[in-house]
$ cat entry-v3.txt   # compact mmCIF, C-alpha atoms
# COMPACT_ATOMS: atom_id res chain seq x y z
CA MET A 1 -89.18 152.85 101.34
CA GLU A 2 -86.19 152.96 99.09
CA THR A 3 -86.73 153.69 95.44
CA ALA A 4 -84.75 152.19 92.58
CA GLY A 5 -82.91 155.46 92.00
CA GLU A 6 -81.74 155.96 95.56
CA ILE A 7 -78.05 156.60 96.13
CA VAL A 8 -76.80 156.26 99.69
CA LYS A 9 -73.81 158.56 100.09
CA VAL A 10 -71.23 157.72 102.70
CA GLY A 11 -68.96 160.56 103.88
CA ILE A 12 -65.47 160.49 105.36
CA ALA A 13 -65.27 158.44 108.55
CA ASP A 14 -68.92 157.58 107.96
CA ILE A 15 -71.08 154.49 107.53
CA GLY A 16 -74.19 153.82 105.47
CA ILE A 17 -76.52 150.95 104.61
CA LEU A 18 -78.21 149.99 101.35
CA LYS A 19 -81.38 147.91 101.47
CA GLY A 20 -82.40 146.34 98.19
CA PRO A 21 -82.32 148.40 94.98
CA GLY A 22 -80.34 151.59 94.54
CA LYS A 23 -76.67 152.25 95.03
CA ILE A 24 -74.28 152.98 97.84
CA ARG A 25 -71.26 155.16 97.24
CA THR A 26 -68.30 156.86 98.87
CA SER A 27 -66.16 159.45 97.06
CA GLY A 28 -62.54 160.49 96.98
CA LEU A 29 -60.84 157.67 98.89
CA GLY A 30 -57.11 158.33 99.18
CA SER A 31 -55.33 156.65 102.07
CA CYS A 32 -58.78 155.83 103.46
CA VAL A 33 -60.24 152.39 102.79
CA GLY A 34 -63.82 151.75 101.72
CA VAL A 35 -65.06 148.49 103.21
CA LEU A 36 -68.21 147.01 101.73
CA ILE A 37 -69.85 144.19 103.66
CA TYR A 38 -72.93 142.61 102.11
CA ASP A 39 -75.47 139.84 102.27
CA LEU A 40 -76.53 139.00 98.69
CA ARG A 41 -79.54 136.91 99.74
CA GLU A 42 -81.04 139.60 101.93
CA GLN A 43 -79.89 142.39 99.58
CA LEU A 44 -78.23 144.32 102.39
CA ALA A 45 -74.93 146.16 102.07
CA ALA A 46 -73.06 148.36 104.53
CA LEU A 47 -70.23 150.64 103.44
CA VAL A 48 -67.68 152.20 105.84
CA HIS A 49 -65.18 154.94 104.90
CA ILE A 50 -62.28 154.11 107.19
CA MET A 51 -59.62 156.73 107.93
CA LEU A 52 -57.38 155.13 110.55
CA PRO A 53 -56.29 151.58 111.39
CA ASP A 54 -56.91 151.36 115.10
CA SER A 55 -59.24 153.01 117.63
CA SER A 56 -56.96 152.27 120.60
CA SER A 57 -55.09 155.53 119.89
CA PHE A 58 -58.28 157.55 120.50
CA ARG A 59 -58.13 159.72 123.61
CA GLY A 60 -61.43 161.63 123.60
CA ASP A 61 -65.01 161.07 124.73
CA ASN A 62 -67.08 160.57 121.61
CA LEU A 63 -65.60 157.74 119.61
CA ASN A 64 -66.67 157.87 115.97
CA ARG A 65 -66.73 154.11 115.37
CA ALA A 66 -66.88 154.47 111.58
CA LYS A 67 -63.47 156.17 111.51
CA TYR A 68 -61.37 153.14 112.48
CA ALA A 69 -60.88 149.72 110.90
CA ASP A 70 -61.49 147.76 114.11
CA THR A 71 -64.65 149.55 115.27
CA GLY A 72 -65.95 150.51 111.79
CA ILE A 73 -66.12 146.95 110.47
CA ARG A 74 -67.82 145.73 113.66
CA GLU A 75 -70.28 148.62 113.42
CA ALA A 76 -71.09 147.64 109.82
CA ILE A 77 -71.79 144.06 110.87
CA THR A 78 -74.00 145.18 113.76
CA LEU A 79 -75.95 147.44 111.41
CA LEU A 80 -76.40 144.65 108.86
CA LYS A 81 -77.57 142.18 111.51
CA GLN A 82 -80.02 144.70 112.94
CA ASN A 83 -81.54 144.85 109.47
CA GLY A 84 -81.84 141.10 109.14
CA ALA A 85 -78.54 140.02 107.58
CA ARG A 86 -77.13 136.67 108.64
CA SER A 87 -73.51 136.44 109.76
CA HIS A 88 -72.56 133.39 107.72
CA TYR A 89 -73.70 135.00 104.44
CA LEU A 90 -71.64 138.16 104.91
CA LYS A 91 -68.90 138.86 102.39
CA ALA A 92 -66.56 141.81 101.88
CA LYS A 93 -64.98 143.86 99.12
CA ILE A 94 -62.46 146.60 99.79
CA ALA A 95 -60.85 149.48 97.90
CA GLY A 96 -58.53 152.38 98.74
CA GLY A 97 -55.44 152.65 100.92
CA ALA A 98 -53.43 154.62 98.37
CA GLN A 99 -50.34 156.64 99.07
CA MET A 100 -51.15 159.90 97.36
CA PHE A 101 -47.81 161.64 97.86
CA GLN A 102 -44.32 160.29 97.55
CA LEU A 103 -42.24 161.98 100.22
CA SER A 104 -38.53 161.36 100.46
CA ALA A 105 -38.35 161.21 104.24
CA ALA A 106 -39.45 157.93 105.75
CA GLN A 107 -42.39 159.40 107.58
CA ASP A 108 -44.44 156.82 109.35
CA MET A 109 -47.70 158.75 109.19
CA MET A 110 -47.45 158.89 105.43
CA ARG A 111 -47.78 155.14 105.30
CA ILE A 112 -51.31 155.38 106.63
CA GLY A 113 -52.79 153.83 103.45
CA PRO A 114 -50.89 150.52 103.68
CA ARG A 115 -51.53 150.43 107.43
CA ASN A 116 -55.26 150.88 106.85
CA ILE A 117 -55.32 148.03 104.31
CA GLU A 118 -53.45 145.73 106.67
CA ALA A 119 -55.75 146.55 109.60
CA VAL A 120 -58.93 146.07 107.53
CA LYS A 121 -57.77 142.66 106.29
CA GLN A 122 -56.82 141.58 109.77
CA VAL A 123 -60.19 142.57 111.25
CA LEU A 124 -62.13 140.89 108.42
CA SER A 125 -60.13 137.73 108.86
CA SER A 126 -60.55 137.69 112.64
CA LEU A 127 -64.32 138.07 112.16
CA ARG A 128 -64.28 135.35 109.47
CA ILE A 129 -65.74 137.53 106.75
CA PRO A 130 -64.50 136.30 103.35
CA LEU A 131 -62.75 139.01 101.33
CA ILE A 132 -64.11 138.45 97.81
CA SER A 133 -62.14 141.10 95.95
CA GLU A 134 -59.94 144.10 96.52
CA GLU A 135 -58.48 147.08 94.67
CA VAL A 136 -56.00 148.61 97.08
CA GLY A 137 -52.71 150.49 97.31
CA GLY A 138 -51.14 152.44 94.47
CA SER A 139 -51.30 156.20 94.30
CA ASN A 140 -54.77 156.91 92.88
CA GLY A 141 -57.81 158.46 94.50
CA ARG A 142 -60.90 156.27 94.16
CA THR A 143 -64.66 156.70 94.18
CA ILE A 144 -66.50 153.45 94.78
CA GLU A 145 -70.10 152.43 94.19
CA PHE A 146 -72.02 149.21 94.74
CA SER A 147 -75.43 147.98 93.66
CA PHE A 148 -77.14 144.60 93.85
CA VAL A 149 -78.07 144.83 90.14
CA THR A 150 -74.58 143.68 89.19
CA GLY A 151 -73.24 142.74 92.62
CA MET A 152 -70.04 144.47 91.56
CA LEU A 153 -68.09 147.23 93.26
CA THR A 154 -67.36 149.89 90.64
CA ILE A 155 -64.16 151.87 91.18
CA ARG A 156 -63.60 155.16 89.40
CA THR A 157 -60.18 156.82 89.30
CA VAL A 158 -59.04 160.05 87.67
CA ASN A 159 -55.91 158.58 86.13
CA GLU A 160 -56.75 154.95 85.42
CA GLY A 161 -60.40 154.90 84.39
CA ILE A 162 -63.06 152.57 85.78
CA LYS A 163 -62.72 149.05 87.16
CA GLU A 164 -65.19 146.57 88.54
CA ILE A 165 -64.35 144.07 91.23
CA MET B 1 -60.10 166.84 123.49
CA ASN B 2 -62.66 169.28 122.19
CA ASP B 3 -61.24 172.06 124.35
CA SER B 4 -58.05 172.01 122.32
CA PHE B 5 -60.01 173.25 119.33
CA SER B 6 -62.01 176.05 120.83
CA PHE B 7 -60.33 179.29 119.98
CA SER B 8 -61.00 182.74 121.38
CA SER B 9 -61.45 185.53 118.87
CA LEU B 10 -57.91 186.68 119.70
CA HIS B 11 -56.51 183.27 118.78
CA LEU B 12 -58.59 183.07 115.62
CA ASP B 13 -57.19 186.49 114.68
CA ILE B 14 -53.67 185.23 115.29
CA LEU B 15 -54.29 182.28 112.96
CA LYS B 16 -55.70 184.63 110.33
CA GLU B 17 -52.68 186.85 110.67
CA ILE B 18 -50.43 183.85 110.14
CA GLY B 19 -52.33 183.16 106.93
CA ASN B 20 -52.04 186.81 106.00
CA ILE B 21 -48.28 187.07 106.48
CA GLY B 22 -47.54 183.64 105.02
CA SER B 23 -49.67 183.92 101.93
CA GLY B 24 -48.73 187.58 101.52
CA ASN B 25 -45.12 186.52 101.20
CA ALA B 26 -46.06 183.68 98.85
CA THR B 27 -48.14 186.05 96.73
CA THR B 28 -45.14 188.37 96.40
CA SER B 29 -43.04 185.42 95.22
CA LEU B 30 -45.64 184.39 92.64
CA SER B 31 -45.99 187.96 91.51
CA ALA B 32 -42.21 188.23 91.01
CA LEU B 33 -42.19 184.92 89.14
CA LEU B 34 -44.96 185.95 86.73
CA ASN B 35 -44.05 189.61 86.68
CA ARG B 36 -47.58 190.83 87.31
CA LYS B 37 -49.85 191.68 90.18
CA ILE B 38 -51.48 188.82 92.05
CA GLN B 39 -54.36 189.50 94.40
CA MET B 40 -54.89 187.81 97.70
CA LYS B 41 -58.15 187.44 99.62
CA VAL B 42 -58.34 187.81 103.38
CA PRO B 43 -57.42 184.41 104.87
CA GLU B 44 -60.08 182.39 106.62
CA VAL B 45 -59.75 180.06 109.55
CA ASN B 46 -62.08 177.13 109.07
CA ILE B 47 -63.13 174.64 111.69
CA VAL B 48 -65.39 172.24 109.83
CA SER B 49 -66.18 168.54 109.45
CA PHE B 50 -64.01 166.51 107.07
CA ASP B 51 -66.85 166.32 104.55
CA GLU B 52 -67.41 170.07 104.72
CA MET B 53 -63.74 170.68 104.04
CA MET B 54 -64.00 168.68 100.80
CA ASP B 55 -67.24 170.41 99.83
CA MET B 56 -65.58 173.81 100.31
CA THR B 57 -62.96 172.76 97.76
CA GLY B 58 -65.45 171.66 95.12
CA GLY B 59 -66.54 168.27 96.49
CA PRO B 60 -64.59 165.07 97.22
CA GLU B 61 -64.45 163.97 93.57
CA LYS B 62 -63.38 167.26 92.02
CA GLU B 63 -60.01 167.04 90.30
CA ILE B 64 -57.25 169.34 91.48
CA ALA B 65 -53.58 169.86 90.80
CA SER B 66 -51.99 169.83 94.25
CA ILE B 67 -48.65 170.35 95.90
CA PHE B 68 -48.18 168.89 99.34
CA VAL B 69 -45.53 169.87 101.86
CA LYS B 70 -45.09 168.26 105.25
CA ILE B 71 -43.98 170.66 107.98
CA GLN B 72 -41.45 169.65 110.60
CA GLY B 73 -39.38 171.38 113.26
CA ASP B 74 -40.74 173.19 116.31
CA ILE B 75 -44.23 172.76 114.90
CA SER B 76 -45.62 170.10 112.58
CA GLY B 77 -48.42 169.97 110.09
CA SER B 78 -49.31 169.92 106.42
CA MET B 79 -49.56 172.48 103.69
CA PHE B 80 -51.22 172.34 100.29
CA PHE B 81 -51.23 174.61 97.29
CA VAL B 82 -54.00 173.69 94.86
CA LEU B 83 -55.24 174.87 91.50
CA PRO B 84 -57.88 173.53 89.12
CA PRO B 85 -56.00 171.35 86.53
CA HIS B 86 -56.58 173.68 83.56
CA GLU B 87 -55.35 176.70 85.52
CA ALA B 88 -52.26 174.81 86.69
CA SER B 89 -51.70 173.90 83.03
CA MET B 90 -51.89 177.55 81.96
CA LEU B 91 -49.49 178.57 84.69
CA ILE B 92 -46.94 175.90 83.78
CA ARG B 93 -47.12 176.81 80.10
CA GLU B 94 -46.47 180.40 81.01
CA MET B 95 -43.56 179.50 83.31
CA THR B 96 -41.85 177.12 80.90
CA GLY B 97 -42.89 178.55 77.53
CA ASN B 98 -43.91 175.03 76.45
CA ASP B 99 -47.47 175.08 75.10
CA ASP B 100 -47.78 171.29 75.11
CA PHE B 101 -47.71 171.02 78.89
CA HIS B 102 -50.98 170.18 80.61
CA PHE B 103 -52.45 168.47 83.69
CA GLN B 104 -55.78 167.52 82.13
CA SER B 105 -55.23 163.79 81.71
CA PRO B 106 -52.21 161.52 82.10
CA PRO B 107 -49.53 160.89 81.08
CA TYR B 108 -48.09 164.18 82.30
CA SER B 109 -44.71 165.35 81.14
CA ASP B 110 -42.06 164.84 83.84
CA LEU B 111 -40.77 168.29 83.12
CA ALA B 112 -44.23 169.85 83.56
CA VAL B 113 -44.67 168.03 86.88
CA SER B 114 -41.27 169.07 88.17
CA ALA B 115 -41.93 172.67 87.13
CA TYR B 116 -45.19 172.54 89.09
CA VAL B 117 -43.40 171.01 92.09
CA GLU B 118 -40.83 173.79 91.90
CA LEU B 119 -43.59 176.38 91.82
CA GLY B 120 -45.08 174.76 94.93
CA ASN B 121 -41.66 174.73 96.53
CA ILE B 122 -41.25 178.46 96.01
CA LEU B 123 -44.77 179.31 97.19
CA CYS B 124 -44.93 177.02 100.23
CA GLY B 125 -41.33 177.90 101.10
CA SER B 126 -42.03 181.62 101.14
CA TYR B 127 -45.26 181.11 103.10
CA LEU B 128 -43.48 179.05 105.76
CA SER B 129 -40.36 181.20 105.98
CA ALA B 130 -42.58 184.21 106.72
CA LEU B 131 -44.31 182.15 109.39
CA SER B 132 -40.93 181.15 110.82
CA ASP B 133 -39.69 184.76 110.87
CA MET B 134 -42.87 185.94 112.53
CA THR B 135 -42.87 183.33 115.29
CA ASN B 136 -39.14 182.69 115.64
CA LEU B 137 -39.97 179.01 115.42
CA ASN B 138 -37.89 176.53 113.45
CA ILE B 139 -40.19 175.47 110.58
CA GLN B 140 -38.82 173.04 108.02
CA PRO B 141 -40.77 172.19 104.89
CA SER B 142 -40.26 168.71 103.41
CA VAL B 143 -39.43 168.24 99.75
CA PRO B 144 -42.75 168.98 98.02
CA SER B 145 -44.74 166.35 96.21
CA ALA B 146 -47.42 166.77 93.52
CA ALA B 147 -50.66 164.85 92.93
CA PHE B 148 -53.28 165.37 90.24
CA ASP B 149 -56.31 163.68 91.65
CA MET B 150 -59.56 163.97 93.62
CA VAL B 151 -59.95 166.58 96.37
CA GLY B 152 -61.00 164.00 98.95
CA ALA B 153 -58.06 161.72 98.28
CA ILE B 154 -55.59 164.61 98.39
CA LEU B 155 -56.73 166.68 101.36
CA THR B 156 -57.19 163.70 103.69
CA ALA B 157 -53.39 163.32 103.54
CA GLY B 158 -53.30 166.44 105.72
CA LEU B 159 -55.88 165.13 108.18
CA VAL B 160 -54.06 162.07 109.50
CA GLU B 161 -52.83 163.75 112.69
CA ILE B 162 -55.96 165.69 113.58
CA SER B 163 -58.28 162.78 112.79
CA GLN B 164 -56.71 160.89 115.70
CA VAL B 165 -58.07 163.40 118.19
CA ALA B 166 -61.00 165.09 116.47
CA ASP B 167 -63.69 164.76 113.84
CA GLN B 168 -63.02 168.22 112.53
CA ALA B 169 -60.45 169.82 110.29
CA ILE B 170 -58.88 173.12 111.31
CA PHE B 171 -57.18 174.96 108.51
CA ILE B 172 -56.11 178.39 107.39
CA GLU B 173 -57.22 179.01 103.82
CA THR B 174 -56.14 181.77 101.48
CA LEU B 175 -57.37 182.38 97.96
CA LEU B 176 -55.06 183.89 95.37
CA LEU B 177 -56.47 185.59 92.30
CA ASP B 178 -54.47 186.10 89.17
CA GLU B 179 -56.38 188.14 86.62
CA LYS B 180 -54.17 188.26 83.59
CA ASP B 181 -57.10 189.36 81.51
CA GLN B 182 -60.82 188.85 81.65
CA TYR B 183 -60.64 185.43 79.98
CA ASP B 184 -57.67 184.14 81.86
CA GLN B 185 -58.39 183.95 85.57
CA MET B 186 -56.59 181.80 88.02
CA LYS B 187 -57.72 180.92 91.53
CA GLY B 188 -55.14 179.22 93.70
CA GLN B 189 -55.73 178.07 97.25
CA PHE B 190 -53.36 177.61 100.15
CA PHE B 191 -54.29 175.31 102.98
CA LEU B 192 -52.22 175.33 106.14
CA LEU B 193 -53.13 172.53 108.56
CA PRO B 194 -51.09 172.67 111.77
CA ASP B 195 -51.11 169.41 113.75
CA PRO B 196 -53.27 169.67 116.91
CA ASN B 197 -50.36 170.05 119.32
CA SER B 198 -48.81 172.84 117.25
CA PHE B 199 -51.47 175.47 117.89
CA ASP B 200 -50.31 176.19 121.43
CA LYS B 201 -46.69 176.36 120.28
CA ILE B 202 -47.66 179.04 117.78
CA PHE B 203 -49.69 181.00 120.33
CA ASN B 204 -46.96 180.75 122.95
CA ALA B 205 -44.29 181.84 120.49
CA LEU B 206 -46.33 184.95 119.78
CA GLY B 207 -46.78 185.71 123.46
CA ALA B 208 -50.48 184.91 123.55
CA PRO B 209 -50.85 181.60 125.42
CA ARG B 210 -54.33 180.11 125.72
$ encode --input "entry-v3.txt" --output "structure tokens"
Amino acid sequence: METAGEIVKVGIADIGILKGPGKIRTSGLGSCVGVLIYDLREQLAALVHIMLPDSSSFRGDNLNRAKYADTGIREAITLLKQNGARSHYLKAKIAGGAQMFQLSAAQDMMRIGPRNIEAVKQVLSSLRIPLISEEVGGSNGRTIEFSFVTGMLTIRTVNEGIKEI
Amino acid sequence: MNDSFSFSSLHLDILKEIGNIGSGNATTSLSALLNRKIQMKVPEVNIVSFDEMMDMTGGPEKEIASIFVKIQGDISGSMFFVLPPHEASMLIREMTGNDDFHFQSPPYSDLAVSAYVELGNILCGSYLSALSDMTNLNIQPSVPSAAFDMVGAILTAGLVEISQVADQAIFIETLLLDEKDQYDQMKGQFFLLPDPNSFDKIFNALGAPR
């Protein structure tokens, strides 16, 4: 049983699910992208803290599905469906993908934020999940939190205050 | 890939020694800059989850004043120098003699930021040149860049390479202590994060292949 005060905390390269009241949150997004997928009618929300755009580069044994845009978003949908969400009611909100440091050299790896945003949008679109709102790019770290009380994703930054999308 | 990140005690000692020599050199530079003694703790080699790394630095949302340097050359990786914002503010005021400078809330003075970047340049530069001398490897630091933001957002910039092969961060951490007086303490941290394929290059250069 979840209580009204419950806060589900999602770590880096991690996934969590919120059922009904309470809040779901992930902290300190930089180049990472927080992808919230939710079903308002069933009051179910999954949040993934995505670090990298594409799992095809992975060369090990234990794939952490929550780390990548392609596998993380699919994992979120699976988790939501297992809990009774219906595909055609799923919607998404995203935040993050900043470039925290401005380096003079054109270093490809440093563009990981924009690449994450692009990958997330592409996966959402290929899975036909409507993207309701976004707060992406820039150079600010973000902490994001969602609850069904307002249905809004609250974004806190150090340098630009709080926004709701 | 997990084998790449299991280190014998000899190799852990080598990494600690790298932290020792690098941050020792950086401490000397800072000491010369401020004209007083700066203490350095014994470096630690940490192999922890991404979340644990953020927790060790005060939690993902904690605000820090950071300098980031990308390492290129024979080895690659990332380096950070971080201070709590009010301590970075004190240090910059002392360096520049301008008491209005601070990193508590924006907008920050361009001059204060560039002074902080220059401080990072000196510290990271002396750390890495000691590492280069010790290993005989070509180690080139990028132009440094500053960010005043959340720990999680900042340190993940150094995890891009390793996150492609592992779910753990490996970093060499050194704490600097500047005790000007009992009310005025400063705790700076260095983080050196070699990219995964650089560890063997370091060990080989020091004649201790895995």
$ interface_residues --input "entry-v3.txt" --of "chain B" --to "chain A" --cutoff "10 Å" --atoms "all atoms listed in the file" --output "ChimeraX atom specification"
/B:1-2,49-52,54,59-63,66-70,104-107,142-161,163-167
$ residues_around --input "entry-v3.txt" --residues "range 126-129 of chain A" --least-positions-apart "5" --cutoff "7 Å" --atoms "all atoms listed in the file" --output "PyMOL selection string"
chain A and resi 90-92
$ residues_near_point --input "entry-v3.txt" --point "(-45.3, 171.9, 107.5)" --cutoff "7 Å" --atoms "only C-alpha atoms" --output "count of residues only"
11
$ atom_distance --input "entry-v3.txt" --atom1 "CA of Arg115 in chain A" --atom2 "CA of Val136 in chain A"
11.4 Å
$ atom_distance --input "entry-v3.txt" --atom1 "CA of Ala119 in chain A" --atom2 "CA of Lys23 in chain A"
26.1 Å
$ closest_residue --input "entry-v3.txt" --among "B:Met186, B:Ile170, B:Leu192, B:Val117" --to "Pro85 in chain B" --atoms "all atoms listed in the file"
B:Met186
$ atom_distance --input "entry-v3.txt" --atom1 "CA of Leu10 in chain B" --atom2 "CA of Ala26 in chain B"
24.2 Å
$ closest_residue --input "entry-v3.txt" --among "A:Leu36, A:Arg111, A:Gly22, A:Ile17" --to "Lys81 in chain A" --atoms "all atoms listed in the file"
A:Ile17
$ closest_residue --input "entry-v3.txt" --among "B:Asp100, B:Asp195, B:Asp178, B:Asp13" --to "Glu44 in chain B" --atoms "all atoms listed in the file"
B:Asp13
$ closest_residue --input "entry-v3.txt" --among "B:Gly188, B:Pro196, B:Gly73, B:Pro43" --to "Ser132 in chain B" --atoms "only C-alpha atoms"
B:Gly73
$ residues_around --input "entry-v3.txt" --residues "Glu134 in chain A" --least-positions-apart "2" --cutoff "7 Å" --atoms "all atoms listed in the file" --output "number ranges by chain"
A: 93-95, 136, 165
$ residues_around --input "entry-v3.txt" --residues "Ile15 in chain A" --least-positions-apart "6" --cutoff "7 Å" --atoms "all atoms listed in the file" --output "PyMOL selection string"
chain A and resi 47-49+66
$ write_last_selection --input "entry-v3.txt" --atoms "C-alpha atoms" --output "compact mmCIF listing (two decimals), in the frame of the given file"
# COMPACT_ATOMS: atom_id res chain seq x y z
CA LEU A 47 -70.23 150.64 103.44
CA VAL A 48 -67.68 152.20 105.84
CA HIS A 49 -65.18 154.94 104.90
CA ALA A 66 -66.88 154.47 111.58
$ build_atoms --input "entry-v3.txt" --residues "range 125-144 of chain B" --atoms "N, CA, C and O atoms" --output "CSV table (one decimal), in the coordinates of the input"
chain,number,residue,atom,x,y,z
B,125,GLY,N,-42.5,177.5,100.4
B,125,GLY,CA,-41.3,177.9,101.1
B,125,GLY,C,-41.4,179.3,101.6
B,125,GLY,O,-41.1,179.7,102.7
B,126,SER,N,-42.0,180.2,100.7
B,126,SER,CA,-42.0,181.6,101.1
B,126,SER,C,-43.1,181.8,102.2
B,126,SER,O,-43.0,182.6,103.1
B,127,TYR,N,-44.2,181.1,102.1
B,127,TYR,CA,-45.3,181.1,103.1
B,127,TYR,C,-44.6,180.7,104.5
B,127,TYR,O,-44.8,181.4,105.5
B,128,LEU,N,-44.0,179.6,104.5
B,128,LEU,CA,-43.5,179.0,105.8
B,128,LEU,C,-42.3,179.8,106.3
B,128,LEU,O,-42.2,179.9,107.5
B,129,SER,N,-41.5,180.4,105.4
B,129,SER,CA,-40.4,181.2,106.0
B,129,SER,C,-40.9,182.5,106.6
B,129,SER,O,-40.4,182.9,107.6
B,130,ALA,N,-42.0,183.1,106.1
B,130,ALA,CA,-42.6,184.2,106.7
B,130,ALA,C,-43.1,183.8,108.1
B,130,ALA,O,-43.0,184.6,109.1
B,131,LEU,N,-43.7,182.6,108.1
B,131,LEU,CA,-44.3,182.2,109.4
B,131,LEU,C,-43.2,181.9,110.4
B,131,LEU,O,-43.3,182.2,111.6
B,132,SER,N,-42.1,181.4,109.9
B,132,SER,CA,-40.9,181.2,110.8
B,132,SER,C,-40.3,182.5,111.3
B,132,SER,O,-40.0,182.6,112.5
B,133,ASP,N,-40.2,183.5,110.5
B,133,ASP,CA,-39.7,184.8,110.9
B,133,ASP,C,-40.6,185.4,111.9
B,133,ASP,O,-40.1,186.0,112.9
B,134,MET,N,-41.9,185.3,111.7
B,134,MET,CA,-42.9,185.9,112.5
B,134,MET,C,-42.9,185.3,113.9
B,134,MET,O,-43.0,186.0,114.9
B,135,THR,N,-42.7,184.0,114.0
B,135,THR,CA,-42.9,183.3,115.3
B,135,THR,C,-41.5,183.0,115.9
B,135,THR,O,-41.5,182.6,117.1
B,136,ASN,N,-40.4,183.1,115.2
B,136,ASN,CA,-39.1,182.7,115.6
B,136,ASN,C,-39.1,181.2,115.9
B,136,ASN,O,-38.3,180.7,116.7
B,137,LEU,N,-40.0,180.5,115.3
B,137,LEU,CA,-40.0,179.0,115.4
B,137,LEU,C,-39.2,178.4,114.2
B,137,LEU,O,-39.2,178.9,113.1
B,138,ASN,N,-38.6,177.3,114.5
B,138,ASN,CA,-37.9,176.5,113.4
B,138,ASN,C,-38.9,175.7,112.7
B,138,ASN,O,-39.6,174.8,113.2
B,139,ILE,N,-39.2,176.1,111.4
B,139,ILE,CA,-40.2,175.5,110.6
B,139,ILE,C,-39.5,175.0,109.3
B,139,ILE,O,-39.1,175.7,108.5
B,140,GLN,N,-39.5,173.6,109.2
B,140,GLN,CA,-38.8,173.0,108.0
B,140,GLN,C,-39.8,172.4,107.1
B,140,GLN,O,-40.5,171.4,107.5
B,141,PRO,N,-39.9,172.9,105.8
B,141,PRO,CA,-40.8,172.2,104.9
B,141,PRO,C,-40.1,171.0,104.3
B,141,PRO,O,-38.9,171.0,104.1
B,142,SER,N,-40.8,169.9,104.1
B,142,SER,CA,-40.3,168.7,103.4
B,142,SER,C,-40.1,169.0,101.9
B,142,SER,O,-40.6,170.1,101.4
B,143,VAL,N,-39.4,168.1,101.2
B,143,VAL,CA,-39.4,168.2,99.8
B,143,VAL,C,-40.9,168.1,99.3
B,143,VAL,O,-41.6,167.3,99.7
B,144,PRO,N,-41.3,169.0,98.4
B,144,PRO,CA,-42.8,169.0,98.0
B,144,PRO,C,-43.0,167.8,97.1
B,144,PRO,O,-42.1,167.3,96.4
